[in-house]
$ cat model_23.pdb   # PDB, C-alpha atoms, pLDDT in the B column
ATOM      1  CA  MET C 197       0.000   0.000   0.000  1.00 80.00           C
ATOM      2  CA  THR C 198       1.238   3.475  -0.788  1.00 84.00           C
ATOM      3  CA  ILE C 199       0.244   6.457   1.320  1.00 84.00           C
ATOM      4  CA  GLN C 200       1.323  10.033   0.817  1.00 88.00           C
ATOM      5  CA  LEU C 201       1.630  12.356   3.796  1.00 86.00           C
ATOM      6  CA  GLN C 202       2.139  16.083   3.888  1.00 92.00           C
ATOM      7  CA  LEU C 203       4.292  16.737   6.948  1.00 91.00           C
ATOM      8  CA  LYS C 204       5.552  19.962   8.410  1.00 93.00           C
ATOM      9  CA  PRO C 205       9.237  20.460   7.567  1.00 93.00           C
ATOM     10  CA  GLU C 206      10.328  20.133  11.210  1.00 94.00           C
ATOM     11  CA  ILE C 207       8.387  16.875  11.603  1.00 92.00           C
ATOM     12  CA  GLU C 208       9.859  15.529   8.389  1.00 93.00           C
ATOM     13  CA  ALA C 209      13.392  16.401   9.541  1.00 94.00           C
ATOM     14  CA  ARG C 210      12.807  14.717  12.885  1.00 93.00           C
ATOM     15  CA  LEU C 211      11.382  11.642  11.168  1.00 93.00           C
ATOM     16  CA  ILE C 212      14.409  11.369   8.901  1.00 94.00           C
ATOM     17  CA  ALA C 213      16.759  11.797  11.863  1.00 94.00           C
ATOM     18  CA  GLU C 214      14.953   9.154  13.937  1.00 93.00           C
ATOM     19  CA  ALA C 215      14.965   6.688  11.040  1.00 93.00           C
ATOM     20  CA  ALA C 216      18.688   7.252  10.491  1.00 94.00           C
ATOM     21  CA  ALA C 217      19.366   6.782  14.207  1.00 93.00           C
ATOM     22  CA  GLN C 218      17.570   3.425  14.039  1.00 91.00           C
ATOM     23  CA  GLY C 219      19.474   2.473  10.901  1.00 93.00           C
ATOM     24  CA  LEU C 220      16.257   2.204   8.899  1.00 93.00           C
ATOM     25  CA  SER C 221      14.818   3.833   5.829  1.00 94.00           C
ATOM     26  CA  VAL C 222      12.063   6.360   6.475  1.00 93.00           C
ATOM     27  CA  GLU C 223       9.516   3.932   5.007  1.00 92.00           C
ATOM     28  CA  ALA C 224      10.645   1.034   7.212  1.00 93.00           C
ATOM     29  CA  TYR C 225      10.745   3.279  10.279  1.00 93.00           C
ATOM     30  CA  LEU C 226       7.215   4.563   9.642  1.00 92.00           C
ATOM     31  CA  ALA C 227       5.976   1.006   9.073  1.00 91.00           C
ATOM     32  CA  SER C 228       7.456  -0.094  12.401  1.00 92.00           C
ATOM     33  CA  LEU C 229       5.908   2.889  14.197  1.00 91.00           C
ATOM     34  CA  ILE C 230       2.487   2.107  12.764  1.00 89.00           C
ATOM     35  CA  GLU C 231       2.752  -1.614  13.562  1.00 88.00           C
ATOM     36  CA  ASN C 232       3.864  -0.924  17.134  1.00 85.00           C
ATOM     37  CA  SER C 233       1.079   1.582  17.612  1.00 83.00           C
ATOM     38  CA  LEU C 234      -1.562  -0.832  16.358  1.00 80.00           C
ATOM     39  CA  MET C 235      -0.180  -3.711  18.420  1.00 77.00           C
ATOM     40  CA  SER C 236      -0.082  -1.678  21.618  1.00 69.00           C
ATOM     41  CA  HIS C 237      -3.639  -0.515  20.945  1.00 62.00           C
ATOM     42  CA  GLU C 238      -4.776  -4.155  20.691  1.00 61.00           C
ATOM     43  CA  GLU C 239      -3.092  -4.914  24.013  1.00 64.00           C
ATOM     44  CA  SER C 240      -5.017  -2.269  25.930  1.00 67.00           C
ATOM     45  CA  PHE C 241      -5.436  -2.640  29.643  1.00 70.00           C
ATOM     46  CA  PHE C 242      -8.535  -4.425  30.859  1.00 71.00           C
ATOM     47  CA  TYR C 243      -9.803  -1.337  32.675  1.00 69.00           C
ATOM     48  CA  GLN C 244      -9.713   0.630  29.412  1.00 70.00           C
ATOM     49  CA  VAL C 245     -11.890  -1.750  27.441  1.00 68.00           C
ATOM     50  CA  SER C 246     -14.126  -3.495  29.965  1.00 80.00           C
ATOM     51  CA  THR C 247     -17.692  -2.834  31.012  1.00 86.00           C
ATOM     52  CA  GLN C 248     -18.908  -2.504  34.575  1.00 88.00           C
ATOM     53  CA  GLN C 249     -20.400  -6.012  34.411  1.00 91.00           C
ATOM     54  CA  GLU C 250     -17.041  -7.461  33.322  1.00 88.00           C
ATOM     55  CA  TRP C 251     -15.325  -5.658  36.213  1.00 86.00           C
ATOM     56  CA  GLU C 252     -17.849  -7.014  38.681  1.00 90.00           C
ATOM     57  CA  ALA C 253     -17.448 -10.564  37.345  1.00 90.00           C
ATOM     58  CA  ILE C 254     -13.647 -10.408  37.564  1.00 86.00           C
ATOM     59  CA  LEU C 255     -13.708  -8.954  41.080  1.00 88.00           C
ATOM     60  CA  THR C 256     -16.241 -11.542  42.236  1.00 90.00           C
ATOM     61  CA  ASP C 257     -14.025 -14.307  40.859  1.00 89.00           C
ATOM     62  CA  LEU C 258     -11.045 -12.765  42.659  1.00 87.00           C
ATOM     63  CA  ILE C 259     -12.911 -12.538  45.965  1.00 86.00           C
ATOM     64  CA  ASN C 260     -14.050 -16.152  45.674  1.00 86.00           C
ATOM     65  CA  SER C 261     -10.630 -17.442  44.618  1.00 85.00           C
ATOM     66  CA  PRO C 262      -8.759 -19.928  46.828  1.00 83.00           C
ATOM     67  CA  ALA C 263      -6.028 -17.361  47.462  1.00 79.00           C
ATOM     68  CA  PHE C 264      -8.413 -15.318  49.615  1.00 78.00           C
ATOM     69  CA  SER C 265      -9.840 -18.304  51.457  1.00 77.00           C
ATOM     70  CA  LEU C 266      -6.327 -19.433  52.484  1.00 80.00           C
ATOM     71  CA  ALA C 267      -5.187 -16.020  53.698  1.00 80.00           C
ATOM     72  CA  PRO C 268      -5.572 -15.471  57.437  1.00 84.00           C
ATOM     73  CA  PRO C 269      -7.749 -12.552  58.481  1.00 85.00           C
ATOM     74  CA  LEU C 270      -6.062  -9.418  59.790  1.00 87.00           C
ATOM     75  CA  SER C 271      -5.964  -9.020  63.537  1.00 90.00           C
ATOM     76  CA  ASP C 272      -7.759  -6.171  65.275  1.00 90.00           C
ATOM     77  CA  ALA C 273      -4.373  -4.664  66.112  1.00 87.00           C
ATOM     78  CA  ALA C 274      -3.331  -4.680  62.464  1.00 85.00           C
ATOM     79  CA  ILE C 275      -6.284  -2.530  61.490  1.00 86.00           C
ATOM     80  CA  SER C 276      -6.490  -0.345  64.558  1.00 87.00           C
ATOM     81  CA  ARG C 277      -6.368   3.414  64.126  1.00 84.00           C
ATOM     82  CA  GLU C 278      -3.181   3.637  66.155  1.00 81.00           C
ATOM     83  CA  ASN C 279      -1.377   1.246  63.825  1.00 80.00           C
ATOM     84  CA  ILE C 280      -2.720   2.782  60.633  1.00 79.00           C
ATOM     85  CA  TYR C 281      -1.856   6.376  61.507  1.00 79.00           C
ATOM     86  CA  THR C 282       1.654   6.795  62.810  1.00 71.00           C
ATOM     87  CA  ARG C 283       3.405   9.679  64.504  1.00 68.00           C
ATOM     88  CA  GLU C 284       5.024  10.541  61.174  1.00 67.00           C
ATOM     89  CA  ASP C 285       1.563  11.151  59.717  1.00 58.00           C
ATOM     90  CA  GLU C 286       0.804  13.575  62.545  1.00 64.00           C
ATOM     91  CA  MET C 287       3.906  15.628  61.778  1.00 64.00           C
ATOM     92  CA  LEU C 288       2.708  16.363  58.220  1.00 61.00           C
TER      93      LEU C 288
END
$ encode --input "model_23.pdb" --output "structure tokens"
Amino acid sequence: MTIQLQLKPEIEARLIAEAAAQGLSVEAYLASLIENSLMSHEESFFYQVSTQQEWEAILTDLINSPAFSLAPPLSDAAISRENIYTREDEML
């Protein structure tokens, strides 16, 4: 496929410099940029492409997973106000 682009002179100069730095022709460099951009778009994070129902299903599965059932509960001391907020927090 052939595509023609009208670039600003400063963008064109930067493109040529970047391609030369990579040891590629401008065409090969542009092709790699486009491929990488499309690939990274396909590998979007779950939170970017999921619905609320999908989030709820995943979180429910996580909560019901064996990893949570095997973990011991936190002690009262571990979640007490005194242990959560330290003297360093008071100095801020």
$ closest_residue --input "model_23.pdb" --among "C:Ala267, C:Ile259, C:Met235, C:Met197" --to "C:Glu223" --atoms "only C-alpha atoms"
C:Met197
$ axis_aligned_box --input "model_23.pdb" --around "stretch 208-215 of chain C" --padding-each-side "6 Å" --output "JSON"
{"center_x": 13.3, "center_y": 11.5, "center_z": 11.2, "size_x": 18.9, "size_y": 21.7, "size_z": 17.5}
$ atom_distance --input "model_23.pdb" --atom1 "atom CA of C:Ala274" --atom2 "atom CA of C:Asp257"
26.0 Å
$ build_atoms --input "model_23.pdb" --residues "stretch 242-274 of chain C" --atoms "N, CA and C atoms" --output "PDB file, in the frame of the given file"
ATOM      1  N   PHE C 242      -7.171  -3.951  30.648  1.00 71.00           N
ATOM      2  CA  PHE C 242      -8.535  -4.425  30.859  1.00 71.00           C
ATOM      3  C   PHE C 242      -9.446  -3.284  31.285  1.00 71.00           C
ATOM      4  N   TYR C 243      -8.952  -2.418  32.178  1.00 69.00           N
ATOM      5  CA  TYR C 243      -9.803  -1.337  32.675  1.00 69.00           C
ATOM      6  C   TYR C 243     -10.176  -0.341  31.581  1.00 69.00           C
ATOM      7  N   GLN C 244      -9.419  -0.295  30.499  1.00 70.00           N
ATOM      8  CA  GLN C 244      -9.713   0.630  29.412  1.00 70.00           C
ATOM      9  C   GLN C 244     -10.802   0.111  28.477  1.00 70.00           C
ATOM     10  N   VAL C 245     -10.976  -1.174  28.425  1.00 68.00           N
ATOM     11  CA  VAL C 245     -11.890  -1.750  27.441  1.00 68.00           C
ATOM     12  C   VAL C 245     -13.034  -2.558  28.052  1.00 68.00           C
ATOM     13  N   SER C 246     -13.118  -2.639  29.352  1.00 80.00           N
ATOM     14  CA  SER C 246     -14.126  -3.495  29.965  1.00 80.00           C
ATOM     15  C   SER C 246     -15.358  -2.702  30.394  1.00 80.00           C
ATOM     16  N   THR C 247     -16.446  -3.424  30.530  1.00 86.00           N
ATOM     17  CA  THR C 247     -17.692  -2.834  31.012  1.00 86.00           C
ATOM     18  C   THR C 247     -17.775  -3.018  32.518  1.00 86.00           C
ATOM     19  N   GLN C 248     -18.735  -2.365  33.129  1.00 88.00           N
ATOM     20  CA  GLN C 248     -18.908  -2.504  34.575  1.00 88.00           C
ATOM     21  C   GLN C 248     -19.247  -3.951  34.945  1.00 88.00           C
ATOM     22  N   GLN C 249     -20.036  -4.621  34.131  1.00 91.00           N
ATOM     23  CA  GLN C 249     -20.400  -6.012  34.411  1.00 91.00           C
ATOM     24  C   GLN C 249     -19.165  -6.916  34.349  1.00 91.00           C
ATOM     25  N   GLU C 250     -18.272  -6.666  33.402  1.00 88.00           N
ATOM     26  CA  GLU C 250     -17.041  -7.461  33.322  1.00 88.00           C
ATOM     27  C   GLU C 250     -16.174  -7.230  34.553  1.00 88.00           C
ATOM     28  N   TRP C 251     -16.081  -5.962  34.999  1.00 86.00           N
ATOM     29  CA  TRP C 251     -15.325  -5.658  36.213  1.00 86.00           C
ATOM     30  C   TRP C 251     -15.899  -6.409  37.409  1.00 86.00           C
ATOM     31  N   GLU C 252     -17.202  -6.352  37.543  1.00 90.00           N
ATOM     32  CA  GLU C 252     -17.849  -7.014  38.681  1.00 90.00           C
ATOM     33  C   GLU C 252     -17.619  -8.517  38.648  1.00 90.00           C
ATOM     34  N   ALA C 253     -17.676  -9.122  37.468  1.00 90.00           N
ATOM     35  CA  ALA C 253     -17.448 -10.564  37.345  1.00 90.00           C
ATOM     36  C   ALA C 253     -16.016 -10.924  37.724  1.00 90.00           C
ATOM     37  N   ILE C 254     -15.051 -10.143  37.250  1.00 86.00           N
ATOM     38  CA  ILE C 254     -13.647 -10.408  37.564  1.00 86.00           C
ATOM     39  C   ILE C 254     -13.387 -10.234  39.057  1.00 86.00           C
ATOM     40  N   LEU C 255     -13.929  -9.177  39.647  1.00 88.00           N
ATOM     41  CA  LEU C 255     -13.708  -8.954  41.080  1.00 88.00           C
ATOM     42  C   LEU C 255     -14.394 -10.022  41.930  1.00 88.00           C
ATOM     43  N   THR C 256     -15.562 -10.461  41.518  1.00 90.00           N
ATOM     44  CA  THR C 256     -16.241 -11.542  42.236  1.00 90.00           C
ATOM     45  C   THR C 256     -15.423 -12.822  42.167  1.00 90.00           C
ATOM     46  N   ASP C 257     -14.892 -13.126  40.999  1.00 89.00           N
ATOM     47  CA  ASP C 257     -14.025 -14.307  40.859  1.00 89.00           C
ATOM     48  C   ASP C 257     -12.793 -14.187  41.749  1.00 89.00           C
ATOM     49  N   LEU C 258     -12.219 -12.989  41.812  1.00 87.00           N
ATOM     50  CA  LEU C 258     -11.045 -12.765  42.659  1.00 87.00           C
ATOM     51  C   LEU C 258     -11.387 -12.969  44.134  1.00 87.00           C
ATOM     52  N   ILE C 259     -12.502 -12.411  44.563  1.00 86.00           N
ATOM     53  CA  ILE C 259     -12.911 -12.538  45.965  1.00 86.00           C
ATOM     54  C   ILE C 259     -13.165 -13.995  46.325  1.00 86.00           C
ATOM     55  N   ASN C 260     -13.725 -14.750  45.405  1.00 86.00           N
ATOM     56  CA  ASN C 260     -14.050 -16.152  45.674  1.00 86.00           C
ATOM     57  C   ASN C 260     -12.902 -17.104  45.354  1.00 86.00           C
ATOM     58  N   SER C 261     -11.753 -16.580  44.979  1.00 85.00           N
ATOM     59  CA  SER C 261     -10.630 -17.442  44.618  1.00 85.00           C
ATOM     60  C   SER C 261     -10.024 -18.097  45.864  1.00 85.00           C
ATOM     61  N   PRO C 262      -9.374 -19.237  45.691  1.00 83.00           N
ATOM     62  CA  PRO C 262      -8.759 -19.928  46.828  1.00 83.00           C
ATOM     63  C   PRO C 262      -7.695 -19.095  47.537  1.00 83.00           C
ATOM     64  N   ALA C 263      -7.070 -18.177  46.835  1.00 79.00           N
ATOM     65  CA  ALA C 263      -6.028 -17.361  47.462  1.00 79.00           C
ATOM     66  C   ALA C 263      -6.591 -16.571  48.640  1.00 79.00           C
ATOM     67  N   PHE C 264      -7.814 -16.074  48.519  1.00 78.00           N
ATOM     68  CA  PHE C 264      -8.413 -15.318  49.615  1.00 78.00           C
ATOM     69  C   PHE C 264      -8.896 -16.227  50.734  1.00 78.00           C
ATOM     70  N   SER C 265      -9.349 -17.410  50.406  1.00 77.00           N
ATOM     71  CA  SER C 265      -9.840 -18.304  51.457  1.00 77.00           C
ATOM     72  C   SER C 265      -8.691 -18.868  52.297  1.00 77.00           C
ATOM     73  N   LEU C 266      -7.479 -18.917  51.751  1.00 80.00           N
ATOM     74  CA  LEU C 266      -6.327 -19.433  52.484  1.00 80.00           C
ATOM     75  C   LEU C 266      -5.612 -18.350  53.303  1.00 80.00           C
ATOM     76  N   ALA C 267      -5.861 -17.115  52.985  1.00 80.00           N
ATOM     77  CA  ALA C 267      -5.187 -16.020  53.698  1.00 80.00           C
ATOM     78  C   ALA C 267      -5.827 -15.826  55.064  1.00 80.00           C
ATOM     79  N   PRO C 268      -5.003 -15.691  56.104  1.00 84.00           N
ATOM     80  CA  PRO C 268      -5.572 -15.471  57.437  1.00 84.00           C
ATOM     81  C   PRO C 268      -6.151 -14.061  57.526  1.00 84.00           C
ATOM     82  N   PRO C 269      -7.182 -13.889  58.326  1.00 85.00           N
ATOM     83  CA  PRO C 269      -7.749 -12.552  58.481  1.00 85.00           C
ATOM     84  C   PRO C 269      -6.780 -11.647  59.259  1.00 85.00           C
ATOM     85  N   LEU C 270      -6.897 -10.360  59.043  1.00 87.00           N
ATOM     86  CA  LEU C 270      -6.062  -9.418  59.790  1.00 87.00           C
ATOM     87  C   LEU C 270      -6.546  -9.337  61.230  1.00 87.00           C
ATOM     88  N   SER C 271      -5.606  -9.159  62.125  1.00 90.00           N
ATOM     89  CA  SER C 271      -5.964  -9.020  63.537  1.00 90.00           C
ATOM     90  C   SER C 271      -6.549  -7.636  63.775  1.00 90.00           C
ATOM     91  N   ASP C 272      -7.218  -7.479  64.914  1.00 90.00           N
ATOM     92  CA  ASP C 272      -7.759  -6.171  65.275  1.00 90.00           C
ATOM     93  C   ASP C 272      -6.643  -5.148  65.422  1.00 90.00           C
ATOM     94  N   ALA C 273      -5.500  -5.582  65.938  1.00 87.00           N
ATOM     95  CA  ALA C 273      -4.373  -4.664  66.112  1.00 87.00           C
ATOM     96  C   ALA C 273      -3.844  -4.184  64.761  1.00 87.00           C
ATOM     97  N   ALA C 274      -3.866  -5.043  63.767  1.00 85.00           N
ATOM     98  CA  ALA C 274      -3.331  -4.680  62.464  1.00 85.00           C
ATOM     99  C   ALA C 274      -4.151  -3.591  61.795  1.00 85.00           C
TER     100      ALA C 274
END
